[in-house]
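Asker: See model.cif below, with mmCIF, C-alpha atoms.
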data_entry
#
loop_
_atom_site.label_atom_id
_atom_site.label_comp_id
_atom_site.auth_asym_id
_atom_site.auth_seq_id
_atom_site.Cartn_x
_atom_site.Cartn_y
_atom_site.Cartn_z
CA MET A 268 6.96 4.09 -1.50
CA SER A 269 6.67 7.73 -0.51
CA LYS A 270 9.78 9.89 -0.25
CA LEU A 271 11.50 9.34 3.07
CA PRO A 272 12.68 12.07 5.42
CA LYS A 273 16.38 12.81 5.64
CA GLU A 274 18.57 11.15 8.21
CA PRO A 275 19.14 13.31 11.32
CA PRO A 276 22.57 14.85 11.94
CA ALA A 277 25.11 12.51 13.52
CA GLY A 278 25.37 14.79 16.55
CA GLU A 279 21.72 14.47 17.56
CA ILE A 280 21.39 13.22 21.11
CA THR A 281 18.27 11.19 20.45
CA PRO A 282 19.43 8.13 18.48
CA PRO A 283 18.27 8.03 14.85
CA ALA A 284 15.13 5.92 14.62
CA LEU A 285 15.43 3.23 12.01
CA TYR A 286 12.20 1.83 10.72
CA LEU A 287 11.43 -1.08 8.43
CA ARG A 288 8.74 -1.76 5.90
CA ARG A 289 9.04 -5.51 5.55
CA ARG A 290 12.86 -5.60 5.37
CA GLU A 291 13.37 -2.15 3.93
CA LEU A 292 15.19 0.54 5.92
CA LEU A 293 13.42 3.83 6.56
CA LYS A 294 15.11 6.84 8.05
CA ASN A 295 13.83 9.13 10.74
CA ALA A 296 13.70 12.92 10.72
CA ALA A 297 15.57 15.45 12.87
CA LEU A 298 14.27 16.77 16.17
CA PHE A 299 11.13 18.87 15.96
CA ALA A 300 11.13 22.60 15.15
CA GLY A 301 8.53 24.97 16.51
CA THR A 302 6.22 24.79 19.51
CA ALA A 303 2.65 23.95 20.36
CA SER A 304 1.74 27.59 20.98
CA ALA A 305 -0.74 27.68 18.13
CA MET A 306 -2.45 24.42 19.06
CA GLY A 307 -5.85 24.11 20.63
CA GLY A 308 -6.99 21.79 23.37
CA GLY A 309 -9.33 22.94 26.10
CA LEU A 310 -9.69 21.42 29.54
CA VAL A 311 -11.14 17.96 29.60
CA TRP A 312 -14.15 18.74 31.77
CA LEU A 313 -15.91 15.67 30.40
CA THR A 314 -19.13 14.07 31.55
CA GLY A 315 -19.31 10.91 33.60
CA GLY A 316 -17.84 11.92 36.95
CA ALA A 317 -15.25 14.39 38.16
CA ALA A 318 -11.79 14.09 36.67
CA ARG A 319 -9.19 13.24 39.29
CA LEU A 320 -6.36 15.61 38.48
CA SER A 321 -3.18 16.66 40.19
CA ALA A 322 -3.30 20.37 40.94
CA ALA A 323 0.48 20.59 40.82
CA GLY A 324 0.73 19.04 37.38
CA ALA A 325 -1.63 20.94 35.10
CA PRO A 326 -0.52 24.21 33.48
CA GLY A 327 -2.00 27.38 34.83
CA GLY A 328 -3.42 25.72 37.93
CA GLU A 329 -6.40 24.53 35.89
CA ALA A 330 -6.62 21.06 37.38
CA ALA A 331 -8.80 19.76 40.17
CA PRO A 332 -7.43 17.76 43.14
CA LEU A 333 -6.49 14.17 42.54
CA GLY A 334 -8.38 11.55 44.47
CA GLY A 335 -6.81 8.33 45.69
CA ALA A 336 -5.91 5.86 42.97
CA ALA A 337 -7.60 2.48 42.92
CA ALA A 338 -5.62 -0.17 44.74
CA LEU A 339 -4.03 -3.01 42.83
CA PRO A 340 -5.78 -6.34 43.27
CA SER A 341 -4.37 -8.83 45.70
CA GLY A 342 -1.37 -10.62 44.25
CA ALA A 343 -0.73 -8.08 41.48
CA ALA A 344 2.77 -7.28 42.79
CA ALA A 345 4.32 -10.60 41.85
CA PRO A 346 8.05 -11.38 41.89
CA PRO A 347 9.84 -10.37 38.69
CA GLY A 348 9.88 -12.97 35.94
CA PRO A 349 12.85 -14.03 33.79
CA LEU A 350 13.74 -10.72 32.14
CA ALA A 351 17.34 -11.64 31.47
CA ALA A 352 20.45 -12.54 33.41
CA GLY A 353 21.30 -9.77 35.85
CA ALA A 354 18.17 -7.71 35.19
CA SER A 355 16.48 -6.19 38.20
CA SER A 356 13.98 -3.48 39.07
CA SER A 357 14.62 -0.45 41.26
CA ALA A 358 10.92 -0.19 42.11
CA THR A 359 10.01 -0.05 45.79
CA SER A 360 6.78 -1.08 47.46
CA SER A 361 6.29 2.39 48.98
CA ARG A 362 5.76 4.17 45.68
CA ASP A 363 2.44 4.81 43.96
CA PRO A 364 2.55 3.03 40.58
CA PHE A 365 -0.18 5.30 39.21
CA VAL A 366 1.70 8.57 39.81
CA THR A 367 5.47 8.68 39.42
CA ASP A 368 7.25 11.43 41.32
CA GLU A 369 9.69 12.01 38.44
CA ALA A 370 9.72 15.40 36.73
CA ARG A 371 7.04 15.63 34.08
CA THR A 372 7.94 16.28 30.47
CA SER A 373 6.74 19.71 29.36
CA TYR A 374 3.40 19.98 27.59
CA GLU A 375 5.13 21.62 24.63
CA ASP A 376 7.48 18.66 24.18
CA ILE A 377 4.72 16.08 24.57
CA VAL A 378 2.59 17.66 21.84
CA SER A 379 5.47 18.52 19.50
CA TYR A 380 7.67 15.41 19.47
CA ASN A 381 5.58 12.48 18.32
CA ASN A 382 5.57 9.17 16.50
CA PHE A 383 2.28 8.86 14.62
CA TYR A 384 3.05 7.63 11.12
CA GLU A 385 -0.52 8.14 10.00
CA LEU A 386 0.17 11.87 10.32
CA GLY A 387 3.75 11.86 9.03
CA LEU A 388 7.12 10.14 9.39
CA SER A 389 9.10 12.85 11.16
CA LYS A 390 8.66 13.88 14.78
CA SER A 391 7.19 17.28 13.82
CA GLU A 392 4.79 16.23 11.04
CA PRO A 393 2.10 14.76 13.32
CA ALA A 394 1.57 18.15 14.98
CA GLN A 395 1.62 19.90 11.61
CA ASN A 396 -1.01 17.57 10.13
CA ALA A 397 -3.17 16.93 13.19
CA GLY A 398 -5.73 19.55 12.19
CA ARG A 399 -7.01 17.19 9.51
CA LEU A 400 -8.33 14.77 12.12
CA ARG A 401 -12.06 15.21 12.88
CA LEU A 402 -12.63 14.23 16.50
CA ARG A 403 -16.45 14.29 16.54
CA PRO A 404 -18.53 12.33 15.88
CA TRP A 405 -16.42 9.36 17.00
CA ALA A 406 -17.48 5.82 17.79
CA ILE A 407 -15.67 2.65 18.85
CA ALA A 408 -16.83 -0.79 17.74
CA CYS A 409 -16.50 -3.16 20.71
CA GLU A 410 -16.86 -6.63 19.26
CA GLY A 411 -15.60 -10.19 19.00
CA GLU A 412 -15.61 -12.59 21.93
CA VAL A 413 -17.90 -10.52 24.17
CA LYS A 414 -21.44 -11.12 25.37
CA LYS A 415 -22.42 -7.49 24.87
CA PRO A 416 -21.00 -6.23 21.56
CA GLU A 417 -21.78 -2.59 20.92
CA VAL A 418 -20.77 0.40 18.82
CA ILE A 419 -20.26 3.08 21.45
CA ASP A 420 -20.25 6.80 20.79
CA LEU A 421 -17.23 8.36 22.50
CA ASP A 422 -19.26 10.84 24.51
CA THR A 423 -21.44 7.99 25.76
CA LEU A 424 -18.30 6.09 26.73
CA LEU A 425 -17.01 9.07 28.68
CA ARG A 426 -20.23 9.25 30.68
CA TRP A 427 -19.79 5.67 31.80
CA PHE A 428 -16.44 5.99 33.56
CA PRO A 429 -14.98 8.66 35.89
CA LEU A 430 -11.71 10.07 34.60
CA GLU A 431 -8.49 10.04 36.58
CA GLU A 432 -4.96 11.25 36.08
CA ARG A 433 -2.16 8.71 35.81
CA VAL A 434 1.40 10.06 35.64
CA TYR A 435 3.32 7.36 33.76
CA ARG A 436 6.76 6.95 32.28
CA MET A 437 6.64 6.38 28.52
CA ARG A 438 9.60 4.61 26.89
CA CYS A 439 9.91 4.61 23.09
CA VAL A 440 11.59 1.69 21.36
CA GLU A 441 13.93 4.32 19.85
CA ALA A 442 15.52 4.80 23.32
CA TRP A 443 13.96 8.14 24.25
CA SER A 444 11.40 8.63 27.01
CA MET A 445 8.92 11.03 28.58
CA VAL A 446 6.87 11.37 31.76
CA ILE A 447 3.26 12.08 30.83
CA PRO A 448 0.24 12.97 33.01
CA TRP A 449 -2.49 11.09 31.15
CA LEU A 450 -6.19 11.57 31.74
CA GLY A 451 -8.47 8.59 31.19
CA PHE A 452 -9.94 5.44 32.69
CA PRO A 453 -8.90 1.78 33.13
CA LEU A 454 -9.38 -0.34 30.04
CA GLY A 455 -10.46 -3.19 32.31
CA ALA A 456 -13.57 -1.25 33.34
CA LEU A 457 -14.78 -1.21 29.74
CA LEU A 458 -13.89 -4.85 29.11
CA ARG A 459 -15.78 -5.99 32.20
CA ARG A 460 -18.83 -4.11 30.97
CA LEU A 461 -18.60 -5.91 27.63
CA GLU A 462 -18.42 -9.30 29.42
CA PRO A 463 -15.70 -11.33 27.64
CA THR A 464 -16.67 -14.86 26.69
CA SER A 465 -14.75 -17.92 27.90
CA ARG A 466 -12.96 -17.98 24.51
CA ALA A 467 -11.50 -14.47 24.84
CA ARG A 468 -7.72 -14.57 25.17
CA TYR A 469 -6.52 -11.38 23.44
CA VAL A 470 -7.64 -7.83 22.72
CA GLN A 471 -7.04 -6.26 19.30
CA PHE A 472 -7.03 -2.47 18.83
CA THR A 473 -7.42 -0.78 15.44
CA THR A 474 -6.75 2.83 14.42
CA LEU A 475 -8.98 4.88 12.12
CA LEU A 476 -8.44 4.21 8.41
CA ASP A 477 -9.02 7.44 6.46
CA ARG A 478 -6.42 8.73 4.02
CA GLU A 479 -7.90 12.22 3.95
CA GLN A 480 -7.73 12.67 7.71
CA LEU A 481 -4.55 10.62 8.11
CA PRO A 482 -2.41 11.46 5.06
CA GLY A 483 0.43 9.18 6.16
CA GLN A 484 -1.79 6.25 5.23
CA ARG A 485 -1.25 7.17 1.58
CA SER A 486 2.25 5.76 1.93
CA ASP A 487 3.09 2.06 2.17
CA VAL A 488 5.39 2.38 5.17
CA LEU A 489 3.14 -0.04 7.07
CA GLU A 490 0.01 -2.01 6.32
CA TRP A 491 -3.01 0.11 7.23
CA PRO A 492 -4.97 0.38 9.39
CA TYR A 493 -2.59 0.25 12.33
CA VAL A 494 -3.30 -2.73 14.57
CA GLU A 495 -2.01 -3.53 18.05
CA GLY A 496 -2.87 -6.16 20.62
CA LEU A 497 -2.57 -7.31 24.21
CA ARG A 498 -3.15 -10.53 26.03
CA LEU A 499 -6.44 -10.30 27.94
CA ASP A 500 -4.73 -10.34 31.34
CA GLU A 501 -2.46 -7.48 30.22
CA ALA A 502 -5.48 -5.52 29.02
CA MET A 503 -7.30 -6.09 32.31
CA HIS A 504 -4.33 -5.04 34.44
CA PRO A 505 -5.08 -1.94 36.57
CA LEU A 506 -2.19 0.02 35.00
CA THR A 507 -3.57 -0.33 31.46
CA MET A 508 -5.74 2.63 30.48
CA LEU A 509 -7.57 4.36 27.68
CA ALA A 510 -6.47 8.00 27.60
CA VAL A 511 -8.55 10.93 26.38
CA GLY A 512 -6.37 13.77 27.62
CA LEU A 513 -3.07 14.88 29.11
CA TYR A 514 -2.07 17.75 31.36
CA GLY A 515 -5.78 18.31 32.04
CA LYS A 516 -6.47 19.05 28.37
CA SER A 517 -8.16 17.04 25.64
CA LEU A 518 -5.80 14.91 23.57
CA LEU A 519 -4.56 16.52 20.39
CA GLY A 520 -4.45 14.60 17.14
CA GLN A 521 -0.71 14.06 17.25
CA ASN A 522 -1.04 12.30 20.63
CA GLY A 523 -3.73 9.91 19.41
CA ALA A 524 -6.97 11.87 19.85
CA PRO A 525 -9.65 11.38 20.71
CA ILE A 526 -8.84 8.11 22.51
CA ARG A 527 -5.72 5.95 22.70
CA LEU A 528 -4.23 3.01 24.55
CA VAL A 529 -1.57 3.49 27.27
CA VAL A 530 0.39 0.49 28.61
CA PRO A 531 3.28 1.98 30.61
CA TRP A 532 5.48 -1.12 30.93
CA LYS A 533 5.64 -1.66 27.15
CA TYR A 534 7.39 0.27 24.38
CA GLY A 535 5.37 3.18 23.08
CA PHE A 536 4.43 1.65 19.73
CA LYS A 537 2.03 -0.64 21.61
CA GLY A 538 -0.11 2.42 22.41
CA CYS A 539 -2.61 2.30 19.55
CA LYS A 540 -3.89 5.81 18.72
CA SER A 541 -7.21 7.17 17.42
CA ILE A 542 -8.92 3.87 18.19
CA VAL A 543 -12.07 2.88 16.30
CA SER A 544 -12.22 -0.84 17.15
CA ILE A 545 -11.62 -2.96 20.25
CA LYS A 546 -12.05 -6.63 19.44
CA LEU A 547 -11.62 -9.58 21.78
CA THR A 548 -10.22 -12.65 20.06
CA GLU A 549 -9.36 -16.26 20.79
CA ARG A 550 -6.11 -16.12 18.80
CA GLN A 551 -3.20 -13.72 19.06
CA PRO A 552 -3.79 -10.88 16.59
CA GLY A 553 -1.20 -9.93 14.01
CA THR A 554 0.10 -6.46 14.89
CA SER A 555 1.43 -3.84 12.50
CA TRP A 556 5.08 -3.61 13.53
CA SER A 557 5.36 -7.33 14.23
CA ARG A 558 4.14 -8.06 10.71
CA ALA A 559 6.53 -5.49 9.23
CA ALA A 560 9.64 -6.68 11.09
CA PRO A 561 9.00 -9.72 13.29
CA ASP A 562 12.67 -10.07 14.27
CA GLU A 563 12.72 -6.52 15.64
CA TYR A 564 9.26 -5.72 17.01
CA GLY A 565 7.67 -8.56 18.95
CA PHE A 566 4.09 -8.92 20.10
CA TYR A 567 4.90 -8.35 23.78
CA ALA A 568 7.30 -5.37 23.44
CA ASN A 569 7.95 -5.23 27.20
CA VAL A 570 10.63 -2.68 28.05
CA ASN A 571 13.75 -4.76 28.69
CA PRO A 572 17.19 -3.11 28.96
CA ALA A 573 18.87 -6.53 28.71
CA VAL A 574 17.48 -7.24 25.23
CA ASP A 575 18.79 -4.81 22.63
CA HIS A 576 17.06 -3.81 19.46
CA PRO A 577 19.08 -5.45 16.63
CA ARG A 578 20.42 -2.02 15.65
CA TRP A 579 20.78 -0.16 18.95
CA SER A 580 21.13 -0.70 22.68
CA GLN A 581 18.13 -0.57 24.98
CA ALA A 582 20.25 -0.31 28.13
CA THR A 583 19.88 3.49 28.43
CA GLU A 584 17.50 6.19 27.28
CA ARG A 585 17.33 9.96 26.90
CA ARG A 586 14.49 11.69 28.67
CA ILE A 587 13.15 14.38 26.34
CA GLY A 588 14.09 17.76 27.80
CA GLU A 589 17.31 16.41 29.34
CA LEU A 590 20.82 16.03 27.94
CA ARG A 591 22.08 13.13 30.00
CA ARG A 592 21.18 9.51 29.44
CA ARG A 593 19.73 7.36 32.19
CA PRO A 594 19.52 3.59 32.73
CA THR A 595 16.40 1.94 31.40
CA LEU A 596 14.44 -0.01 34.01
CA PRO A 597 12.99 -3.50 33.44
CA PHE A 598 9.33 -3.17 32.49
CA ASN A 599 9.98 0.60 32.44
CA GLY A 600 10.03 0.59 36.25
CA TYR A 601 6.73 -1.27 36.69
CA ALA A 602 8.18 -4.74 37.34
CA GLU A 603 6.72 -4.94 40.84
CA GLU A 604 3.23 -4.68 39.40
CA VAL A 605 3.47 -6.61 36.12
CA ALA A 606 6.37 -9.08 36.11
CA GLY A 607 4.11 -11.79 37.47
CA LEU A 608 2.13 -11.72 34.21
CA TYR A 609 5.14 -13.31 32.50
CA SER A 610 6.19 -15.88 35.09
CA GLY A 611 7.93 -18.78 33.39
CA MET A 612 8.29 -17.00 30.03
CA ASP A 613 11.61 -16.42 28.31
CA LEU A 614 11.38 -12.70 27.58
CA ARG A 615 14.43 -12.83 25.31
CA GLU A 616 12.46 -15.10 23.01
CA SER A 617 9.01 -13.60 23.66
CA PHE A 618 10.17 -10.04 23.20
#
Please lay out the structure from this file as structure tokens.
Answerer:
Amino acid sequence: MSKLPKEPPAGEITPPALYLRRRELLKNAALFAGTASAMGGGLVWLTGGAARLSAAGAPGGEAAPLGGAAALPSGAAAPPGPLAAGASSSATSSRDPFVTDEARTSYEDIVSYNNFYELGLSKSEPAQNAGRLRLRPWAIACEGEVKKPEVIDLDTLLRWFPLEERVYRMRCVEAWSMVIPWLGFPLGALLRRLEPTSRARYVQFTTLLDREQLPGQRSDVLEWPYVEGLRLDEAMHPLTMLAVGLYGKSLLGQNGAPIRLVVPWKYGFKGCKSIVSIKLTERQPGTSWSRAAPDEYGFYANVNPAVDHPRWSQATERRIGELRRRPTLPFNGYAEEVAGLYSGMDLRESF
């Protein structure tokens, strides 16, 4: 195993992140040092329709106006399922689930404080090593239980779907959080184009495997390549998106460039980065963290303040850029939209 980073000081506000390889404890690094001032990332004026951006959110006033978000399908706002005894959501029907009105995390924090083990174990290493990642040419193999399998060049993919901004809360399993203005398109739009077969039940996502571009893959911290998965109905949900940018700029390597998964009601490790394969399957795929530590990182990974991680509480979180802690919301505040997906499930067992 590669040499592990040192444990952060006891006084750090963000709780130390404890990671496992099989049953072996890994230690996290201290908070990042430095800024993103030297990083690139031009505006995402991509082909395939005008990007729907919030003028108030992008730095320097570079963004275009945001159009109306697509409405949720009828019945999407189902009553909350069995999170845990006493759990409830503070969500209200008057809010827009696609754009939270909470203060956005600064661009500098979003691109400097990252979990992307393929680029390094500490929070700062992904930004330091991201320059190794070659973002073009890039293609995604869309395969498995679909009627129209295809290897799609990323620029072709971006011409197919108009881009829109979604301002989502992001909750890490380590009990820190951000508010991120993502730029992308609904995953469901791509899946419908591929035409899932009647046997499709799950969607498996796979990250690039290349030890030169992703030096963290030279370690045996996890099995590579990184694999994540969703149930098909989760993947088709209107909130689930494929992101290609944030704050009106192209994604940087440390944030999962050039394309990544965003599922705002789940812990952040579900958001597969630098995706090269989207495969529809009949059986539930084995996912990287669930294989490494099945008693700690379940397949569903829905944000649930009533179910603690075995080694820390999930009841509260620290928003990056703030000192105080805040209560964690069931399904990260998206219960009104997604709890119905889990009706009848015991989410303490299916964590």
Asker: Residues of region 503-588 of chain A that approach region 466-486 of chain A to 9 Å or less, counting only C-alpha atoms: could you list each one with the shortest pair of atoms and its distance in Å to one decimal, rows by chain and increasing residue number, as a Markdown table?
Answerer:
| residue | atom | partner | partner_atom | distance |
| --- | --- | --- | --- | --- |
| A:Arg527 | CA | A:Thr474 | CA | 8.9 |
| A:Leu528 | CA | A:Phe472 | CA | 8.4 |
| A:Cys539 | CA | A:Phe472 | CA | 6.5 |
| A:Lys540 | CA | A:Thr474 | CA | 6.0 |
| A:Ser541 | CA | A:Thr474 | CA | 5.3 |
| A:Ile542 | CA | A:Thr474 | CA | 4.5 |
| A:Val543 | CA | A:Leu475 | CA | 5.6 |
| A:Ser544 | CA | A:Thr473 | CA | 5.1 |
| A:Ile545 | CA | A:Phe472 | CA | 4.8 |
| A:Lys546 | CA | A:Gln471 | CA | 5.0 |
| A:Leu547 | CA | A:Val470 | CA | 4.4 |
| A:Thr548 | CA | A:Tyr469 | CA | 5.2 |
| A:Glu549 | CA | A:Ala467 | CA | 4.9 |
| A:Arg550 | CA | A:Tyr469 | CA | 6.6 |
| A:Gln551 | CA | A:Tyr469 | CA | 6.0 |
| A:Pro552 | CA | A:Gln471 | CA | 6.3 |
| A:Gly553 | CA | A:Gln471 | CA | 8.7 |
| A:Thr554 | CA | A:Gln471 | CA | 8.4 |
Asker: What separation in Å, quoted to one decimal, exists between CA of Thr367 (chain A) and CA of Leu457 (chain A)?
Answerer: 24.5 Å
Asker: List the residues matched by the PyMOL selection byres ((chain A and resi 396) around 12) in the displayed structure as an MDAnalysis selection string, ordered by chain and then by residue number.
Answerer: chainID A and resid 306 379 381 383:395 397:401 479:483 519:522
Asker: List the residues selected by the PyMOL selection byres ((chain A and resi 616) around 12) in the file shown, writing them as JSON, numbers by chain.
Answerer: {"A": [349, 350, 351, 561, 562, 563, 564, 565, 566, 567, 568, 569, 571, 574, 611, 612, 613, 614, 615, 617, 618]}
Asker: What is the distance between CA of Arg371 (chain A) and CA of Phe428 (chain A), in Å to one decimal?
Answerer: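 A separation of 25.4 Å between them.
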Asker: Report, in Å to a single decimal, how far apart CA of Trp532 (chain A) and CA of Ala602 (chain A) are.
Answerer: 7.8 Å
Asker: Once the PyMOL selection byres ((chain A and resi 448) around 6) has been applied to the shown file, what residues remain in the selection, as a list in words?
Answerer: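 Checked against the file, the PyMOL selection byres ((chain A and resi 448) around 6) matches Arg433, Val434, Ile447, Trp449, Leu513 and Tyr514 of chain A.
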Asker: Where does region 510-571 of chain A meet region 421-424 of chain A within 10 Å, residue by residue, with the nearest atom pair and distance in Å to one decimal for each, counting all atoms listed in the file, listed by chain and rising number, as a tab-separated table?
Answerer:
residue	atom	partner	partner_atom	distance
A:Val511	CA	A:Leu421	CA	9.8
A:Pro525	CA	A:Leu421	CA	8.4
A:Ile526	CA	A:Leu421	CA	8.4
A:Val543	CA	A:Leu421	CA	9.8
Asker: Which of these, A:Asp575, A:Glu604, A:Glu589, A:Asp376, has the shortest distance to Arg362 (chain A) once you count all atoms listed in the file?
Answerer: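 For Arg362 (chain A), the nearest of the candidates is A:Glu604.
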Asker: Between A:Ile587, A:Trp556, A:Glu432, A:Leu596, single out the one closest to Ser373 (chain A), counting only C-alpha atoms.
Answerer: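 Closest residue, counting only C-alpha atoms: A:Ile587.
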Asker: With distances taken over all atoms listed in the file, which of A:Phe452, A:Trp579, A:Gly411, A:Glu495 is nearest to Arg558 (chain A)?
Answerer: A:Glu495
Asker: Which residues come within 8 Å of Thr507 (chain A), counting only C-alpha atoms, excluding same-chain residues fewer than 4 positions away, as a PyMOL selection string?
Answerer: chain A and resi 453-455+501-503+528-531
